[in-house]
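Q: Just entry_33.txt, nothing more (compact mmCIF, C-alpha atoms):
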```
# COMPACT_ATOMS: atom_id res chain seq x y z
CA MET A 1 212.38 138.29 -127.63
CA THR A 2 214.39 136.15 -125.26
CA ILE A 3 212.99 135.00 -121.92
CA GLU A 4 215.24 137.57 -120.23
CA GLN A 5 213.90 140.35 -122.44
CA LEU A 6 210.33 139.24 -121.78
CA TRP A 7 211.04 139.23 -118.06
CA GLN A 8 212.47 142.74 -118.22
CA ARG A 9 209.53 143.97 -120.29
CA ALA A 10 207.01 142.51 -117.83
CA GLU A 11 208.98 143.75 -114.83
CA SER A 12 209.11 147.28 -116.16
CA ASP A 13 205.39 147.22 -116.94
CA ALA A 14 204.56 145.72 -113.54
CA ARG A 15 206.51 148.47 -111.75
CA THR A 16 204.81 151.18 -113.78
CA TYR A 17 201.43 149.98 -112.56
CA GLY A 18 202.48 149.05 -109.02
CA TYR A 19 202.24 145.31 -109.66
CA SER A 20 204.74 142.45 -109.39
CA GLN A 21 205.30 139.39 -111.51
CA HIS A 22 204.11 135.95 -110.34
CA PRO A 23 206.02 135.04 -107.15
CA ASN A 24 206.80 131.45 -108.19
CA PRO A 25 209.87 131.51 -110.49
CA ASP A 26 208.98 128.19 -112.18
CA PHE A 27 205.42 129.24 -112.94
CA LEU A 28 206.67 132.63 -114.10
CA ARG A 29 209.13 130.99 -116.44
CA ASP A 30 206.34 128.80 -117.88
CA LEU A 31 204.27 131.93 -118.53
CA LEU A 32 207.17 133.72 -120.23
CA GLU A 33 207.98 130.65 -122.33
CA GLY A 34 204.34 130.52 -123.44
CA LEU A 35 204.51 134.17 -124.42
CA LYS A 36 207.74 133.56 -126.32
CA LEU A 37 206.19 130.65 -128.19
CA ASN A 38 203.17 132.74 -129.13
CA GLU A 39 205.41 135.51 -130.40
CA GLU A 40 207.28 133.00 -132.55
CA ARG A 41 204.01 131.52 -133.85
CA TYR A 42 201.95 134.61 -134.44
CA GLY A 43 204.38 137.51 -134.42
CA TYR A 44 202.88 139.09 -131.33
CA LEU A 45 202.72 138.46 -127.60
CA SER A 46 199.32 136.86 -127.25
CA CYS A 47 198.27 135.69 -123.76
CA PRO A 48 199.74 132.21 -123.21
CA CYS A 49 196.65 131.03 -121.31
CA ARG A 50 194.12 131.92 -123.99
CA LEU A 51 193.56 130.43 -127.41
CA ALA A 52 194.80 132.85 -130.07
CA SER A 53 193.29 133.04 -133.55
CA GLY A 54 196.55 134.01 -135.19
CA LYS A 55 194.90 137.11 -136.63
CA PHE A 56 196.13 140.27 -134.95
CA GLU A 57 192.83 142.13 -135.08
CA PHE A 58 191.03 139.18 -133.46
CA ASP A 59 193.63 138.85 -130.72
CA ARG A 60 194.31 142.50 -130.06
CA ASP A 61 192.48 142.51 -126.71
CA VAL A 62 194.60 139.61 -125.38
CA LEU A 63 198.02 140.95 -126.28
CA CYS A 64 200.00 140.93 -123.04
CA PRO A 65 199.29 142.96 -120.97
CA CYS A 66 195.73 142.25 -122.01
CA ASP A 67 192.73 144.57 -121.83
CA TYR A 68 191.42 142.60 -118.85
CA ARG A 69 194.53 142.79 -116.66
CA ASP A 70 193.74 145.92 -114.67
CA PRO A 71 190.13 145.07 -113.78
CA ASP A 72 191.21 141.51 -112.90
CA VAL A 73 194.04 142.72 -110.67
CA ALA A 74 191.67 145.20 -109.04
CA GLU A 75 189.03 142.52 -108.37
CA PHE A 76 191.06 139.36 -107.71
CA GLY A 77 194.61 140.57 -107.08
CA TYR A 78 196.10 139.10 -110.26
CA CYS A 79 195.40 138.84 -113.96
CA TYR A 80 193.83 135.84 -115.75
CA CYS A 81 197.12 134.02 -116.38
CA ALA A 82 198.60 135.41 -113.12
CA LEU A 83 201.67 136.99 -114.71
CA TYR A 84 200.82 140.29 -113.01
CA VAL A 85 199.95 140.22 -109.33
CA ARG A 86 199.18 142.75 -106.62
CA LYS A 87 201.53 143.26 -103.66
CA ASP A 88 199.45 141.22 -101.19
CA VAL A 89 199.39 138.33 -103.66
CA TYR A 90 203.13 138.56 -104.25
CA GLU A 91 203.68 138.43 -100.50
CA GLY A 92 201.56 135.28 -100.25
CA LYS A 93 198.75 136.92 -98.27
CA THR A 94 196.21 136.14 -101.00
CA PRO A 95 196.26 132.72 -102.67
CA ILE A 96 196.42 132.40 -106.45
CA VAL A 97 193.63 130.22 -107.83
CA PRO A 98 192.02 130.26 -111.30
CA ILE A 99 189.74 133.23 -111.85
CA PRO A 100 186.78 133.60 -114.24
CA GLU A 101 187.43 134.64 -117.83
CA ARG A 102 186.44 138.29 -118.27
CA ARG A 103 186.92 138.28 -122.04
CA PRO A 104 183.50 138.40 -123.72
CA LEU A 105 182.33 135.15 -125.29
CA GLU A 106 182.04 136.65 -128.76
CA LYS A 107 185.71 137.62 -128.64
CA GLN A 108 186.76 134.20 -127.34
CA ALA A 109 184.85 132.61 -130.20
CA ARG A 110 186.97 134.38 -132.80
CA ALA A 111 189.80 131.91 -132.17
CA TYR A 112 187.54 129.07 -133.29
CA ASP A 113 185.43 130.61 -135.98
CA ILE A 114 187.79 131.21 -138.83
CA LEU A 115 186.27 128.23 -140.62
CA SER A 116 182.65 128.79 -139.67
CA GLU A 117 183.00 132.33 -140.93
CA ALA A 118 183.77 130.87 -144.32
CA SER A 119 180.96 128.32 -144.05
CA ASN A 120 178.53 131.06 -143.02
CA GLU A 121 179.32 132.81 -146.24
CA ARG A 122 178.10 129.64 -147.91
CA GLY A 123 175.02 129.70 -145.70
CA THR A 124 175.68 126.35 -144.05
CA GLU A 125 175.91 127.31 -140.41
CA THR A 126 174.25 129.65 -138.01
CA SER A 127 175.68 130.27 -134.59
CA ALA A 128 175.07 132.91 -131.98
CA MET A 129 178.79 133.02 -131.38
CA VAL A 130 180.05 133.45 -134.89
CA ALA A 131 182.88 135.92 -134.95
CA LYS A 132 183.07 138.97 -137.08
CA GLY A 133 185.66 138.93 -139.79
CA PRO A 134 188.60 141.32 -139.47
CA SER A 135 187.03 143.68 -141.93
CA GLU A 136 183.93 143.85 -139.71
CA ILE A 137 185.82 144.85 -136.57
CA ARG A 138 185.05 148.54 -136.37
CA LEU A 139 187.77 150.51 -134.68
CA LYS A 140 186.64 153.72 -133.02
CA LEU A 141 188.26 156.67 -131.31
CA TRP A 142 187.55 156.86 -127.60
CA TYR A 143 188.60 159.56 -125.15
CA CYS A 144 188.74 159.60 -121.39
CA LYS A 145 186.60 162.44 -120.10
CA GLN A 146 188.72 162.60 -116.96
CA CYS A 147 192.23 162.99 -118.39
CA GLY A 148 191.84 163.31 -122.14
CA TYR A 149 193.61 160.04 -123.05
CA VAL A 150 192.62 158.98 -126.57
CA VAL A 151 192.63 155.42 -127.88
CA PHE A 152 191.72 153.87 -131.25
CA ARG A 153 190.18 150.50 -130.43
CA GLU A 154 187.10 148.35 -130.92
CA ASP A 155 185.98 149.05 -127.34
CA PRO A 156 187.09 151.56 -124.70
CA PRO A 157 189.53 150.29 -122.03
CA TYR A 158 188.06 148.85 -118.83
CA ILE A 159 190.32 151.20 -116.89
CA CYS A 160 192.10 154.28 -118.27
CA PRO A 161 195.84 153.46 -118.33
CA ILE A 162 196.68 157.08 -117.51
CA CYS A 163 194.28 158.22 -114.78
CA LYS A 164 192.63 154.88 -113.81
CA ALA A 165 189.14 156.17 -114.58
CA LYS A 166 186.57 153.45 -115.21
CA ARG A 167 185.25 152.50 -118.65
CA GLU A 168 182.14 154.59 -118.10
CA MET A 169 184.32 157.72 -118.32
CA PHE A 170 185.15 156.99 -121.97
CA THR A 171 183.16 158.53 -124.79
CA GLU A 172 183.39 157.83 -128.47
CA ILE A 173 184.77 160.62 -130.62
CA LYS A 174 182.62 160.81 -133.69
CA ILE A 175 184.27 162.38 -136.68
CA ARG A 176 182.14 163.94 -139.34
CA ALA A 177 183.73 164.09 -142.74
CA GLU A 178 182.65 167.02 -144.86
CA ALA A 179 183.51 167.75 -148.41
CA PHE A 180 184.57 171.27 -149.28
CA GLY A 181 184.77 173.03 -152.56
CA MET B 1 190.53 114.51 -133.06
CA ASP B 2 193.67 112.76 -131.88
CA SER B 3 194.46 112.90 -128.18
CA LEU B 4 197.72 112.04 -126.46
CA LYS B 5 197.72 109.50 -123.66
CA VAL B 6 199.97 109.76 -120.61
CA SER B 7 200.17 106.46 -118.80
CA GLY B 8 199.98 106.21 -115.04
CA LYS B 9 199.50 103.57 -112.37
CA ASN B 10 196.24 105.14 -111.27
CA ASN B 11 193.61 104.63 -113.97
CA LYS B 12 190.62 104.33 -111.68
CA HIS B 13 189.01 107.35 -113.38
CA LYS B 14 188.99 108.42 -117.00
CA VAL B 15 190.68 111.81 -117.09
CA PHE B 16 190.57 113.99 -120.18
CA LEU B 17 191.96 117.50 -120.59
CA TYR B 18 191.60 120.18 -123.21
CA THR B 19 194.73 122.27 -122.83
CA LEU B 20 196.94 124.83 -124.54
CA SER B 21 200.59 124.02 -125.14
CA THR B 22 201.56 127.54 -124.02
CA CYS B 23 199.43 127.67 -120.87
CA ALA B 24 201.20 127.59 -117.49
CA TRP B 25 198.02 126.46 -115.68
CA CYS B 26 197.66 123.56 -118.12
CA LYS B 27 201.28 122.59 -117.55
CA MET B 28 200.71 122.70 -113.81
CA THR B 29 197.69 120.40 -114.19
CA LYS B 30 199.66 117.89 -116.25
CA GLN B 31 202.53 117.96 -113.74
CA PHE B 32 200.10 117.39 -110.87
CA LEU B 33 198.53 114.38 -112.59
CA LYS B 34 201.90 112.96 -113.45
CA ALA B 35 203.22 113.45 -109.92
CA ASN B 36 200.19 111.54 -108.64
CA GLU B 37 200.64 108.84 -111.28
CA ILE B 38 197.19 109.50 -112.74
CA GLU B 39 196.61 108.25 -116.27
CA TYR B 40 195.12 110.88 -118.55
CA GLU B 41 194.55 111.94 -122.11
CA TYR B 42 194.82 115.44 -123.46
CA VAL B 43 194.46 117.56 -126.55
CA ASP B 44 196.44 120.78 -126.99
CA VAL B 45 193.74 122.82 -128.71
CA ASP B 46 196.17 125.46 -130.01
CA LEU B 47 198.00 122.75 -131.96
CA CYS B 48 194.79 121.35 -133.49
CA SER B 49 193.54 121.80 -137.02
CA GLU B 50 190.77 124.36 -137.41
CA GLU B 51 188.16 121.61 -137.69
CA ASP B 52 189.38 120.04 -134.46
CA ARG B 53 189.36 123.41 -132.69
CA GLN B 54 185.71 123.74 -133.52
CA GLU B 55 185.01 120.21 -132.40
CA ALA B 56 186.80 120.90 -129.10
CA ARG B 57 184.76 124.05 -128.60
CA LYS B 58 181.48 122.25 -129.29
CA GLU B 59 182.40 119.42 -126.94
CA ILE B 60 183.46 121.70 -124.07
CA LEU B 61 180.33 123.84 -124.34
CA LYS B 62 178.04 120.84 -124.80
CA MET B 63 179.39 119.26 -121.61
CA GLY B 64 178.80 122.44 -119.62
CA GLY B 65 182.29 123.92 -119.61
CA GLU B 66 183.63 127.27 -120.74
CA LEU B 67 186.28 128.12 -123.30
CA SER B 68 188.92 128.45 -120.64
CA TYR B 69 191.93 126.18 -120.24
CA PRO B 70 192.55 123.65 -118.93
CA ALA B 71 189.05 122.20 -119.30
CA ILE B 72 189.08 119.08 -117.13
CA PHE B 73 186.78 116.10 -117.61
CA VAL B 74 186.55 113.11 -115.28
CA ASP B 75 184.63 109.97 -116.28
CA ASP B 76 183.13 111.75 -119.30
CA LYS B 77 181.72 114.55 -117.16
CA PHE B 78 182.91 118.14 -117.06
CA LEU B 79 184.71 118.84 -113.79
CA THR B 80 186.17 122.34 -113.98
CA ASN B 81 187.88 125.04 -116.00
CA GLY B 82 191.28 126.02 -114.68
CA PHE B 83 193.43 123.99 -112.34
CA VAL B 84 191.36 123.93 -109.15
CA LYS B 85 193.52 121.51 -107.23
CA GLU B 86 191.07 120.59 -104.48
CA LYS B 87 188.30 119.85 -106.97
CA VAL B 88 190.65 117.61 -108.95
CA ARG B 89 191.87 115.85 -105.81
CA LYS B 90 188.34 115.18 -104.66
CA ALA B 91 187.15 113.90 -108.04
CA LEU B 92 190.16 111.60 -108.40
CA GLU B 93 190.05 110.51 -104.75
CA ILE B 94 193.68 111.37 -104.08
```
Go through the file and emit its structure as structure tokens.

A:
Amino acid sequence: MTIEQLWQRAESDARTYGYSQHPNPDFLRDLLEGLKLNEERYGYLSCPCRLASGKFEFDRDVLCPCDYRDPDVAEFGYCYCALYVRKDVYEGKTPIVPIPERRPLEKQARAYDILSEASNERGTETSAMVAKGPSEIRLKLWYCKQCGYVVFREDPPYICPICKAKREMFTEIKIRAEAFG
Amino acid sequence: MDSLKVSGKNNKHKVFLYTLSTCAWCKMTKQFLKANEIEYEYVDVDLCSEEDRQEARKEILKMGGELSYPAIFVDDKFLTNGFVKEKVRKALEI
């Protein structure tokens, strides 16, 4: 995607959710260039301000817009990289400063642990933060009890993208396979 | 792990950054240091080999930081994650 296409994509998504893009055009351009570079490197739009593993399943939660955007905007007024901001932030009423990383440590560690995963198989390293291999990431079906939205992901969304219900409103759909005949 | 050095007139403090080449906050930090003529070294972790990524992770965590970029070190001590301008100003006495 070109920078212009990335801008349009982000703008359209921002409007859908009632957000704006970062108010500073230079900073915004840096963010979009980072996204473009990640797309060229990995084949997907991984967050420019987080270390990507290069494996889609490892990075799925930080594809822009990331899983953490909505709770971050709700709490701080903007997302982790500050591409998406709330109206008061866009208008300069709330300053933009770095916010804490919401992504769980075990998911962050996946960008570093491609090698240690291999060494673990040889029994040479033990670490509390060792990532699961792609084959170990168990995708599940989750549904929102409030609106019925269904998603097939490792974890339920923090906020339902349809009705804005909180994560607690999601329940796993367990499928029982039965053999007939 | 090979770091890149950016020369500056002000080398009163040893400044070291772990950054990402795609990160706008990291770029802002580098621009700030350059504008204030601060000498610094940095490593773009996303451009590192896998061994160096692990080394960077160990170093950041060992020094008390988090895996969030930029990770800023002043005089071999962890200062902050993210570009917190006032913290950087105070530590560098600028």

Q: Counting all atoms listed in the file, collect the residues of chain A whose closest atom lies at most 8 Å from chain B, and write them out as number ranges by chain.

A: A: 27, 30-31, 33-35, 37-38, 48-52, 81, 97-99, 101, 108, 112-115

Q: Counting all atoms listed in the file, what is within 10 Å of Lys166 in chain A, bar same-chain residues fewer than 4 positions away, as a list of chain:residue names?

A: A:Pro71, A:Cys144, A:Gln146, A:Pro156, A:Pro157, A:Tyr158, A:Ile159, A:Cys160, A:Pro161, A:Phe170

Q: Compare A:Leu28, A:Ala82, A:Ile162, A:Ala111 by their minimum atom-to-atom distance to Cys66 in chain A, counting all atoms listed in the file, and give me the closest one.

A: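 Once distances to Cys66 in chain A are computed over all atoms listed in the file, the minimum belongs to A:Ala82.
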
Q: Could you tell me how far CA of Leu32 in chain A lies from CA of Trp7 in chain A, in Å and to one decimal?

A: 7.1 Å

Q: Provide the CA of Leu4 in chain B to CA of Phe58 in chain A distance in Å, to one decimal place.

A: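 It comes out at 28.8 Å.
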
Q: Enter the distance from CA of Pro65 in chain A to CA of Lys140 in chain A, in Å, rounded to one decimal.

A: 20.5 Å

Q: Assuming the input is short of atoms at range 38-66 of chain B, produce N, CA and C atoms for that part as a CSV table (one decimal), keeping the file's coordinate frame.

A:
```
chain,number,residue,atom,x,y,z
B,38,ILE,N,198.5,109.6,-112.2
B,38,ILE,CA,197.2,109.5,-112.7
B,38,ILE,C,197.3,109.4,-114.3
B,39,GLU,N,196.6,108.4,-114.8
B,39,GLU,CA,196.6,108.2,-116.3
B,39,GLU,C,195.6,109.3,-116.9
B,40,TYR,N,196.0,109.9,-117.9
B,40,TYR,CA,195.1,110.9,-118.6
B,40,TYR,C,195.4,111.0,-120.0
B,41,GLU,N,194.4,111.6,-120.7
B,41,GLU,CA,194.6,111.9,-122.1
B,41,GLU,C,194.3,113.4,-122.3
B,42,TYR,N,195.0,114.0,-123.3
B,42,TYR,CA,194.8,115.4,-123.5
B,42,TYR,C,194.9,115.8,-124.9
B,43,VAL,N,194.3,117.0,-125.2
B,43,VAL,CA,194.5,117.6,-126.6
B,43,VAL,C,194.9,119.0,-126.4
B,44,ASP,N,196.0,119.4,-127.0
B,44,ASP,CA,196.4,120.8,-127.0
B,44,ASP,C,195.7,121.5,-128.1
B,45,VAL,N,194.7,122.2,-127.7
B,45,VAL,CA,193.7,122.8,-128.7
B,45,VAL,C,194.4,123.8,-129.7
B,46,ASP,N,195.5,124.5,-129.1
B,46,ASP,CA,196.2,125.5,-130.0
B,46,ASP,C,197.0,124.8,-131.1
B,47,LEU,N,197.2,123.5,-130.9
B,47,LEU,CA,198.0,122.8,-132.0
B,47,LEU,C,197.1,122.0,-132.9
B,48,CYS,N,195.8,122.1,-132.7
B,48,CYS,CA,194.8,121.4,-133.5
B,48,CYS,C,194.6,122.0,-134.8
B,49,SER,N,194.0,121.2,-135.8
B,49,SER,CA,193.5,121.8,-137.0
B,49,SER,C,192.3,122.7,-136.7
B,50,GLU,N,191.9,123.5,-137.7
B,50,GLU,CA,190.8,124.4,-137.4
B,50,GLU,C,189.5,123.6,-137.2
B,51,GLU,N,189.3,122.5,-137.9
B,51,GLU,CA,188.2,121.6,-137.7
B,51,GLU,C,188.1,121.1,-136.3
B,52,ASP,N,189.3,120.6,-135.8
B,52,ASP,CA,189.4,120.0,-134.5
B,52,ASP,C,189.2,121.1,-133.4
B,53,ARG,N,189.6,122.3,-133.6
B,53,ARG,CA,189.4,123.4,-132.7
B,53,ARG,C,187.9,123.6,-132.5
B,54,GLN,N,187.2,123.6,-133.6
B,54,GLN,CA,185.7,123.7,-133.5
B,54,GLN,C,185.1,122.6,-132.8
B,55,GLU,N,185.6,121.4,-133.1
B,55,GLU,CA,185.0,120.2,-132.4
B,55,GLU,C,185.3,120.3,-130.9
B,56,ALA,N,186.5,120.7,-130.5
B,56,ALA,CA,186.8,120.9,-129.1
B,56,ALA,C,185.9,121.9,-128.5
B,57,ARG,N,185.6,123.0,-129.1
B,57,ARG,CA,184.8,124.0,-128.6
B,57,ARG,C,183.4,123.5,-128.4
B,58,LYS,N,182.8,122.8,-129.4
B,58,LYS,CA,181.5,122.2,-129.3
B,58,LYS,C,181.4,121.3,-128.1
B,59,GLU,N,182.4,120.4,-128.0
B,59,GLU,CA,182.4,119.4,-126.9
B,59,GLU,C,182.4,120.1,-125.5
B,60,ILE,N,183.3,121.0,-125.4
B,60,ILE,CA,183.5,121.7,-124.1
B,60,ILE,C,182.1,122.4,-123.7
B,61,LEU,N,181.6,123.1,-124.6
B,61,LEU,CA,180.3,123.8,-124.3
B,61,LEU,C,179.2,122.9,-124.1
B,62,LYS,N,179.1,121.8,-124.9
B,62,LYS,CA,178.0,120.8,-124.8
B,62,LYS,C,178.1,120.2,-123.4
B,63,MET,N,179.3,119.9,-122.9
B,63,MET,CA,179.4,119.3,-121.6
B,63,MET,C,179.3,120.2,-120.4
B,64,GLY,N,179.0,121.5,-120.7
B,64,GLY,CA,178.8,122.4,-119.6
B,64,GLY,C,180.0,123.3,-119.2
B,65,GLY,N,181.1,123.2,-120.0
B,65,GLY,CA,182.3,123.9,-119.6
B,65,GLY,C,182.3,125.3,-120.3
B,66,GLU,N,183.4,126.0,-120.1
B,66,GLU,CA,183.6,127.3,-120.7
B,66,GLU,C,184.9,127.2,-121.6
```
